[in-house]
Amino acid sequence: MKINDQLLKNAKTIAVVGLSGHRWRPSYSVSEYMQSAGYRIIPVNPKETEVLGEKCYATLDEIPDPIDIVDIFRRSEFVPEIVDTAIRIHAKCIWMQEGVIHEEAAAKARAAGLEVVMDRCILKEHRKMLVAH
């Protein structure tokens with residue numbers, strides 16, 4: 001599956017579901033990289049209050065701003081609920097990180113008009129896009 005470079009070029013705001021405040025967690029390092037690349041990162045984790053200098057929200061529903069990409073760092077069984085919320089808040093894209101796969105939820109998101117990226121690392125795809133241009 002080829003990632004649409006326009007998706008990453010046009011996106012400005014990424015809500016990261018499952019973003020941990022622990023530096024050693026992949027969600028932290030990936031989000032830190034994306035933030036340094038110019039994206040606004042909005043952490044979503046009920047166990048955190050602030051991550052990477054940004055206010056952390058318990059759920060996607062609480063975020064007052066429009067979201068371009070919902071980046072999921074949760075186990076696959078949590079994806080359907082996250083997709084339902086992403087559809088409700090009119091996010092533009094669902095991005096499931098490496099190892100996160102849920103075909104039914106992906107189909108539902110696509111049917112609702114969202115772009116879907118599954119089982120891919122947003123950091124790696126961003127780097128590929130930079131190298132390609």
# chains A, B, ... in the order shown; residues from 1 in each chain; ligands from 1
>>> select_by_dssp(residues="chain A", states="strand (DSSP E)", output="MDAnalysis selection string")
chainID A and resid 13:17 40:44 50:51 54:55 69:72 93:96 115:117
>>> write_last_selection(atoms="N, CA, C and O atoms", output="short mmCIF file (atom, residue, chain, number, x, y, z; two decimals), in the first residue's frame")
data_model
loop_
_atom_site.label_atom_id
_atom_site.label_comp_id
_atom_site.auth_asym_id
_atom_site.auth_seq_id
_atom_site.Cartn_x
_atom_site.Cartn_y
_atom_site.Cartn_z
N THR A 13 -2.59 18.92 12.03
CA THR A 13 -2.90 18.54 13.40
C THR A 13 -3.06 17.03 13.50
O THR A 13 -3.85 16.44 12.77
N ILE A 14 -2.29 16.42 14.41
CA ILE A 14 -2.34 14.98 14.62
C ILE A 14 -2.72 14.72 16.07
O ILE A 14 -2.00 15.12 17.00
N ALA A 15 -3.87 14.06 16.26
CA ALA A 15 -4.26 13.62 17.60
C ALA A 15 -3.67 12.23 17.79
O ALA A 15 -3.92 11.33 16.99
N VAL A 16 -2.85 12.06 18.81
CA VAL A 16 -2.17 10.79 19.03
C VAL A 16 -2.84 10.07 20.21
O VAL A 16 -2.66 10.45 21.37
N VAL A 17 -3.63 9.04 19.87
CA VAL A 17 -4.36 8.28 20.88
C VAL A 17 -3.42 7.24 21.48
O VAL A 17 -2.87 6.41 20.78
N ARG A 40 1.26 19.88 14.64
CA ARG A 40 0.74 20.08 16.00
C ARG A 40 0.30 18.73 16.51
O ARG A 40 -0.53 18.05 15.90
N ILE A 41 0.86 18.33 17.62
CA ILE A 41 0.53 17.05 18.25
C ILE A 41 -0.44 17.31 19.39
O ILE A 41 -0.17 18.14 20.26
N ILE A 42 -1.56 16.60 19.38
CA ILE A 42 -2.53 16.69 20.48
C ILE A 42 -2.57 15.32 21.16
O ILE A 42 -3.06 14.35 20.57
N PRO A 43 -2.03 15.22 22.36
CA PRO A 43 -2.03 13.94 23.08
C PRO A 43 -3.44 13.54 23.55
O PRO A 43 -4.20 14.40 24.00
N VAL A 44 -3.75 12.26 23.42
CA VAL A 44 -5.01 11.72 23.91
C VAL A 44 -4.68 10.51 24.78
O VAL A 44 -4.25 9.47 24.28
N GLU A 50 -0.25 16.38 30.46
CA GLU A 50 0.49 17.13 29.44
C GLU A 50 1.60 16.23 28.91
O GLU A 50 2.26 15.53 29.67
N VAL A 51 1.77 16.24 27.59
CA VAL A 51 2.86 15.49 26.96
C VAL A 51 3.43 16.36 25.85
O VAL A 51 2.68 16.98 25.09
N GLU A 54 2.10 19.88 25.34
CA GLU A 54 0.71 20.06 24.89
C GLU A 54 -0.25 19.50 25.93
O GLU A 54 0.01 18.47 26.53
N LYS A 55 -1.38 20.18 26.10
CA LYS A 55 -2.44 19.68 26.99
C LYS A 55 -2.90 18.32 26.47
O LYS A 55 -3.08 18.13 25.28
N ILE A 69 -5.35 14.05 11.34
CA ILE A 69 -4.99 12.63 11.46
C ILE A 69 -5.19 12.17 12.90
O ILE A 69 -4.73 12.83 13.83
N VAL A 70 -5.87 11.05 13.06
CA VAL A 70 -5.96 10.38 14.36
C VAL A 70 -4.96 9.22 14.30
O VAL A 70 -5.16 8.26 13.56
N ASP A 71 -3.85 9.38 15.00
CA ASP A 71 -2.77 8.39 15.00
C ASP A 71 -2.97 7.48 16.21
O ASP A 71 -3.00 7.95 17.35
N ILE A 72 -3.13 6.18 15.96
CA ILE A 72 -3.51 5.24 17.02
C ILE A 72 -2.34 4.41 17.51
O ILE A 72 -1.77 3.61 16.76
N CYS A 93 -8.47 11.46 8.70
CA CYS A 93 -7.70 10.23 8.49
C CYS A 93 -7.54 9.45 9.78
O CYS A 93 -7.37 10.04 10.85
N ILE A 94 -7.58 8.14 9.64
CA ILE A 94 -7.23 7.22 10.73
C ILE A 94 -5.88 6.63 10.36
O ILE A 94 -5.70 6.12 9.25
N TRP A 95 -4.92 6.71 11.27
CA TRP A 95 -3.60 6.14 11.03
C TRP A 95 -3.31 5.13 12.14
O TRP A 95 -3.20 5.51 13.31
N MET A 96 -3.24 3.85 11.77
CA MET A 96 -2.93 2.81 12.76
C MET A 96 -1.44 2.49 12.66
O MET A 96 -0.95 2.14 11.59
N GLU A 115 -9.68 8.77 5.19
CA GLU A 115 -8.56 8.00 4.65
C GLU A 115 -8.09 7.08 5.77
O GLU A 115 -8.19 7.41 6.95
N VAL A 116 -7.56 5.92 5.39
CA VAL A 116 -7.11 4.95 6.39
C VAL A 116 -5.71 4.46 6.03
O VAL A 116 -5.46 4.06 4.89
N VAL A 117 -4.82 4.52 6.99
CA VAL A 117 -3.49 3.93 6.87
C VAL A 117 -3.39 2.93 8.02
O VAL A 117 -3.69 3.27 9.17
#
>>> residues_around(residues="Leu114 of chain A", least_positions_apart="5", cutoff="9 Å", atoms="only C-alpha atoms", output="number ranges by chain")
A: 86-87, 90-94, 106, 108-109
>>> write_last_selection(atoms="N, CA and C atoms", output="PDB file, in the first residue's frame")
ATOM      1  N   ALA A  86     -13.584   9.148  15.839  1.00  0.00           N
ATOM      2  CA  ALA A  86     -12.950   9.920  14.757  1.00  0.00           C
ATOM      3  C   ALA A  86     -13.975  10.308  13.697  1.00  0.00           C
ATOM      4  N   ILE A  87     -14.885   9.408  13.392  1.00  0.00           N
ATOM      5  CA  ILE A  87     -15.956   9.714  12.432  1.00  0.00           C
ATOM      6  C   ILE A  87     -16.844  10.823  13.000  1.00  0.00           C
ATOM      7  N   HIS A  90     -15.338  14.244  12.808  1.00  0.00           N
ATOM      8  CA  HIS A  90     -14.989  14.627  11.437  1.00  0.00           C
ATOM      9  C   HIS A  90     -13.483  14.712  11.189  1.00  0.00           C
ATOM     10  N   ALA A  91     -12.737  13.791  11.770  1.00  0.00           N
ATOM     11  CA  ALA A  91     -11.303  13.708  11.453  1.00  0.00           C
ATOM     12  C   ALA A  91     -11.185  13.336   9.971  1.00  0.00           C
ATOM     13  N   LYS A  92     -10.035  13.604   9.384  1.00  0.00           N
ATOM     14  CA  LYS A  92      -9.851  13.312   7.957  1.00  0.00           C
ATOM     15  C   LYS A  92      -9.208  11.948   7.702  1.00  0.00           C
ATOM     16  N   CYS A  93      -8.471  11.456   8.703  1.00  0.00           N
ATOM     17  CA  CYS A  93      -7.698  10.228   8.486  1.00  0.00           C
ATOM     18  C   CYS A  93      -7.544   9.448   9.783  1.00  0.00           C
ATOM     19  N   ILE A  94      -7.580   8.138   9.642  1.00  0.00           N
ATOM     20  CA  ILE A  94      -7.229   7.220  10.729  1.00  0.00           C
ATOM     21  C   ILE A  94      -5.877   6.627  10.359  1.00  0.00           C
ATOM     22  N   ALA A 106     -11.395  -0.292   9.763  1.00  0.00           N
ATOM     23  CA  ALA A 106     -10.853   0.422   8.607  1.00  0.00           C
ATOM     24  C   ALA A 106     -11.927   0.591   7.539  1.00  0.00           C
ATOM     25  N   LYS A 108     -15.151   0.615   7.956  1.00  0.00           N
ATOM     26  CA  LYS A 108     -16.147   1.569   8.459  1.00  0.00           C
ATOM     27  C   LYS A 108     -15.652   3.009   8.289  1.00  0.00           C
ATOM     28  N   ALA A 109     -14.375   3.248   8.594  1.00  0.00           N
ATOM     29  CA  ALA A 109     -13.804   4.589   8.445  1.00  0.00           C
ATOM     30  C   ALA A 109     -13.815   5.019   6.976  1.00  0.00           C
TER      31      ALA A 109
END
>>> closest_residue(among="A:Cys121, A:Val79, A:Cys56, A:Leu130", to="Ala105 of chain A", atoms="only C-alpha atoms")
A:Val79
>>> select_by_dssp(residues="chain A", states="helix (DSSP H, G or I)", output="JSON, numbers by chain")
{"A": [5, 6, 7, 8, 9, 10, 26, 27, 28, 29, 30, 31, 32, 33, 34, 35, 36, 60, 61, 62, 76, 77, 78, 79, 80, 81, 82, 83, 84, 85, 86, 87, 88, 103, 104, 105, 106, 107, 108, 109, 110, 111, 122, 123, 124, 125, 126, 127, 128, 129, 130, 131, 132]}
>>> atom_distance(atom1="atom CA of Leu123 of chain A", atom2="atom CA of Ile101 of chain A")
17.5 Å
>>> closest_residue(among="A:Gly21, A:Asp68, A:Arg75, A:Tyr39", to="Leu52 of chain A", atoms="only C-alpha atoms")
A:Gly21
>>> residues_around(residues="Asn45 of chain A", least_positions_apart="3", cutoff="6 Å", atoms="only C-alpha atoms", output="list in words")
Gly18, Glu48 and Ala58 of chain A
>>> write_last_selection(atoms="N, CA and C atoms", output="mmCIF file, in the first residue's frame")
data_model
loop_
_atom_site.group_PDB
_atom_site.id
_atom_site.type_symbol
_atom_site.label_atom_id
_atom_site.label_comp_id
_atom_site.auth_asym_id
_atom_site.auth_seq_id
_atom_site.Cartn_x
_atom_site.Cartn_y
_atom_site.Cartn_z
ATOM 1 N N GLY A 18 -3.227 7.353 22.804
ATOM 2 C CA GLY A 18 -2.302 6.450 23.488
ATOM 3 C C GLY A 18 -0.910 7.038 23.641
ATOM 4 N N GLU A 48 -2.614 10.950 31.387
ATOM 5 C CA GLU A 48 -1.643 12.044 31.303
ATOM 6 C C GLU A 48 -2.363 13.397 31.362
ATOM 7 N N ALA A 58 -8.450 13.364 27.608
ATOM 8 C CA ALA A 58 -8.789 11.988 27.970
ATOM 9 C C ALA A 58 -9.370 11.231 26.775
#
>>> atom_distance(atom1="atom CA of Tyr28 of chain A", atom2="atom CA of Arg110 of chain A")
27.3 Å
>>> residues_around(residues="Leu8 of chain A", least_positions_apart="5", cutoff="9 Å", atoms="only C-alpha atoms", output="MDAnalysis selection string")
chainID A and resid 3 69 122 125:126 129
>>> atom_distance(atom1="atom CA of Leu19 of chain A", atom2="atom CA of Phe73 of chain A")
6.8 Å
